[in-house]
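A.B. asks: Pasting a structure below so you can have a look.
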Amino acid sequence: MQQLPALTKMGRRTLSSRLKQGAVVFHDFAVTVAAILLALLLRGDPRVPAIMGADPVLWAAGFAGIALIIYASCSLYASRWRFASLFDLFGIFKAVCILTALLLLIDYIITPRMADIPKIFGGRTLAIYWCVQVLLLGGPRIAYRAYRSWKRQSTLNSDPLAAIVLGRASDADAVLRAVEAGVAGPIRVFGIVSPVAQEIGQAVRGVPVWGSTDQIEQIVRDSASRGITIQRAIIAPDALRTPALVETSIGVFRRMGIPPIRIDVTESSGYAQRARLHTVIDDDFLIRPLVDVEEEPLRAFVRGKRVIVTGGGGSIGSELAIRSAQFGADQVLVLDSSEAALHAILDRAMVESRPGDTPVTGRLCDIRDRTRLLSITREFAPDVVFHAAALKHVPHLEQEVSDAVRTNVMGTVNAADAAVAAGAATFVLISTDKATEPVSILGATKRLAEMYVQALDAAPQLLDGAPARRTRLVAVRFGNVLGTAGSVVPRFRAQIEAGGPVTVTDPDMVRYFMTKREATDLLWTAARITGEAASAGHSAILVLNMGQPVRIADLAERMIRLAGFEPGKGIDIVYSGRRPGERLSEILFEEREPRLEVGVRGIVAAEAQPPALSRLQPFLSRLQMAAMEGDDDRARGIIAELVPDIARPSRVIPLRNALASNADH
């Protein structure tokens with residue numbers, strides 16, 4: 001029942017959109033009829049061609065019906081009038097040329113075959129028709145865009161926020177069109193700051209390029225002396241691809257008290273089709289260029305599927321649930337043991353829903369409660385299960401071995417078994433790079449979870465003693481995900497806001513990083529690759545090629561500069577030493593794991609060699625018993641039997657070797 005207001009709102013938006021589209025189609029139909037009749041009227045010959053019969057209006061209406069098909073094929077209905085642009089005019093020119101050619105065909109090929117019937121138009125009348133048709137189709141579109149722009153400017157000019165744009169002139173153009181579209185709210189752009197000195201003095205859409213990026217402070221002071229107080233700095237999308245440039249500029253803006261914002265512009269057919277306003281966050285500049293996964297195959301795979309996300313109230317789980325809804329899943333069910341987290345994700349999903357998005361629902365469920373998890377999963381009957389629920393903080397789990405086992409190991413056993421029992425097509429375990437040659441309890445419990453998933457994938461699957469619909473199971477290894485709760489970036493940000501110091505464990509510590517979007521797309525890619533496999537072959541672990549690892553000390557320095565300070569001057573960096581279970585560098589693949597290509601750019605698979613399920617289960621039974629009794633020492637000993645890496649010294653990879661090693665992948 002909580003989803004009813006959202007569904008009603010979405011339904012109203014859909015109905016309104018269809019009515020507007022219908023009005024546009026009717027307009028084009030009417031003006032096409034009018035163009036035919038006006039061309040006949042303006043040609044100076046009062047005679048009506050015999051081929052039109054007694055009612056030229058009816059003939060023109062039939063021609064207009066054909067014209068609508070041509071308009072659609074020329075993309076006249078792919079854009080809204082408020083975004084009318086040169087691209088739309090080009091589509092109109094193309095469509096009218098086709099219609100004129102059609103009339104020419106009727107005039108010179110069809111009509112001569114009919115005795116005693118003169119040409120309908122003739123060359124002069126066709127020229128008149130072309131001009132009238134272009135004017136009647138394009139004029140209202142351009143006029144409506146001008147009206148909307150004037151109306152928006154009238155609203156914005158009442159009390160706009162003064163802003164400048166950071167970026168090249170070509171990049172600023174997309175931002176200015178997005179601002180004109182009203183997506184940034186009451187903002188008026190007065191100037192552009194460009195990294196290209198040759199662009200100074202030029203203008204983009206009437207907005208001047210005031211200066212270069214090394215003149216920001218002087219530009220802001222000069223504008224204030226002219227009565228313009230800059231209140232926002234808009235970062236052009238392509239400017240984000242030059243981290244060093246943006247890092248310095250963002251620091252200057254923040255030091256001057258000017259909040260930086262960014263506008264994500266989706267270009268479609270040469271104009272701003274969609275744009276969204278975001279506060280600039282440090283995550284935008286901290287890592288390598290993003291790994292873009294082609295979305296259309298993912299949408300095609302997700303569409304119509306029923307999806308369960310365990311741990312759906314967490315950072316990755318919530319992002320995954322919303323992404324699944326946006327991709328067109330039939331139903332999305334979030335499971336979480338925290339009522340507050342569950343409430344937060346359902347509220348967020350409702351707020352961020354767009355027309356056509358699938359509603360996200362939720363149930364309270366602890367993955368350690370096997371009976372309830374099996375019941376809920378059977379009742380929902382999912383196609384895909386994403387297992388994101390886990391305990392993930394290394395130092396805590398070193399002290400809480402039994403809890404780590406009950407959640408990360410037995411919780412995974414419960415979730416995987418529930419997926420198989422419910423007949424799900426695909427089960428995806430979210431693992432970690434700490435599971436590779438693990439030296440921590442977190443890594444070891446996640447490695448055990450991987451082993452169970454791989455063993456279950458390879459084993460015959462039975463339901464009530466009979467062969468069940470095969471569920472394919474796969475594990476996906478993540479690096480550190482930027483912005484997730486408890487991760488290094490939010491901690492550094494809080495320390496900087498408190499005035500420092502920023503604490504780093506070791507000057508040589510390096511980590512792999514990925515964004516939430518990369519993480520969710522990797523998960524769905526894993527589900528697609530696994531789900532499209534005809535049968536279980538060699539079980540594999542999928543890994544995102546996360547580029548070069550990042551030195552944590554460099555990350556801290558960069559965040560300090562983004563805040564407008566200098567490391568060691570405004571804010572210090574102190575080294576606290578490694579905590580229990582931590583190692584200097586993470587490892588994406590074990591030395592004995594062969595690597596496989598999966599046919600998707602940016603994703604690599606490691607061929608796993610799991611133990612047989614029959615061999616694994618007795619160990620897990622002993623481990624579960626030790627964990628249930630709270631015997632951490634016994635549990636740790638059983639873990640070492642299954643994952644001997646935890647009892648050996650860590651394989652340390654120096655930074656330069658880590659960079660070189662990953663470049664080979």
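Residues in the structure tokens are named by chain (A, B, ... in the order shown) and by number from 1 within that chain; ligands are numbered from 1 in the order shown.
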Show which residues sit within 12 Å of segment 369-383 of chain A, as a PyMOL selection string. Count only C-alpha atoms, and ignore same-chain residues fewer than 6 positions away.

C.D. replies: chain A and resi 301-310+329-337+361-363+406-407+410-428+469-472+527-528+531

A.B. asks: Could you pull out the residues in segment 475-659 of chain A that DSSP calls strand (DSSP E or B) from the backbone, as a ChimeraX atom specification?

C.D. replies: /A:475-478,480-481,502-504,510-511,513-514,540-544,550-551,567,571,573-575,595-597,603-607

A.B. asks: Excluding segment 612-614 of chain A and residues on its chain fewer than 6 positions from it, collect all residues at most 10 Å away from it, counting only C-alpha atoms, and give them as a VMD selection string.

C.D. replies: chain A and resid 451 to 460

A.B. asks: Between A:Ala203, A:Val405, A:Met546, A:Ile441, which has the minimum distance to Arg622 of chain A (counting only C-alpha atoms)?

C.D. replies: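 That would be A:Val405, the residue with the smallest distance to Arg622 of chain A.
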
A.B. asks: For atom CA of Ser402 of chain A and atom CA of Gln617 of chain A, quote the distance in Å rounded to one decimal.

C.D. replies: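 Taking atom CA of Ser402 of chain A and atom CA of Gln617 of chain A, their separation equals 17.7 Å.
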
A.B. asks: Neighbours of Trp524 of chain A within 12 Å (only C-alpha atoms; same-chain residues fewer than 2 positions away dropped), as a ChimeraX atom specification?

C.D. replies: /A:293-303,305,307,309,319-321,323-324,327,329,384-386,426-430,474-476,517-522,526-532,542,603

A.B. asks: With distances taken over only C-alpha atoms, which of A:Ser194, A:Ser576, A:Thr358, A:Thr229 is nearest to Ser170 of chain A?

C.D. replies: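 Of A:Ser194, A:Ser576, A:Thr358, A:Thr229, the one nearest Ser170 of chain A is A:Ser194, counting only C-alpha atoms.
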
A.B. asks: For a test of reading the model, state the distance in Å between atom CA of Leu42 of chain A and atom CA of Thr100 of chain A, rounded to one decimal.

C.D. replies: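 Those two atoms sit 16.4 Å apart.
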
A.B. asks: Excluding segment 564-571 of chain A and its own-chain neighbours fewer than 6 positions away, which residues fall within 8 Å of it when counting only C-alpha atoms? Please give them as a VMD selection string.

C.D. replies: chain A and resid 248 250 to 255 496 499 to 502 557

A.B. asks: Any idea what's packed within 9 Å of Val31 of chain A, counting only C-alpha atoms, ignoring anything in its chain fewer than 6 positions away? Could you give it as a PyMOL selection string?

C.D. replies: chain A and resi 64+133+136-137

A.B. asks: My list of candidates is A:Ala608, A:Pro359, A:Met350, A:Phe29. Which is closest to Arg447 of chain A when distances are computed with only C-alpha atoms?

C.D. replies: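 Checking each candidate against Arg447 of chain A, we get A:Ala608 as the closest.
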
A.B. asks: Tell me, in Å to one decimal, how far atom CA of Pro208 of chain A is from atom CA of Tyr147 of chain A.

C.D. replies: 23.8 Å

A.B. asks: Would you please extract all helix (DSSP H, G or I) residues from segment 279-432 of chain A, as assigned by DSSP on the backbone, and give them as a PyMOL selection string?

C.D. replies: chain A and resi 282-285+295-302+315-326+339-352+370-380+394-399+401-421
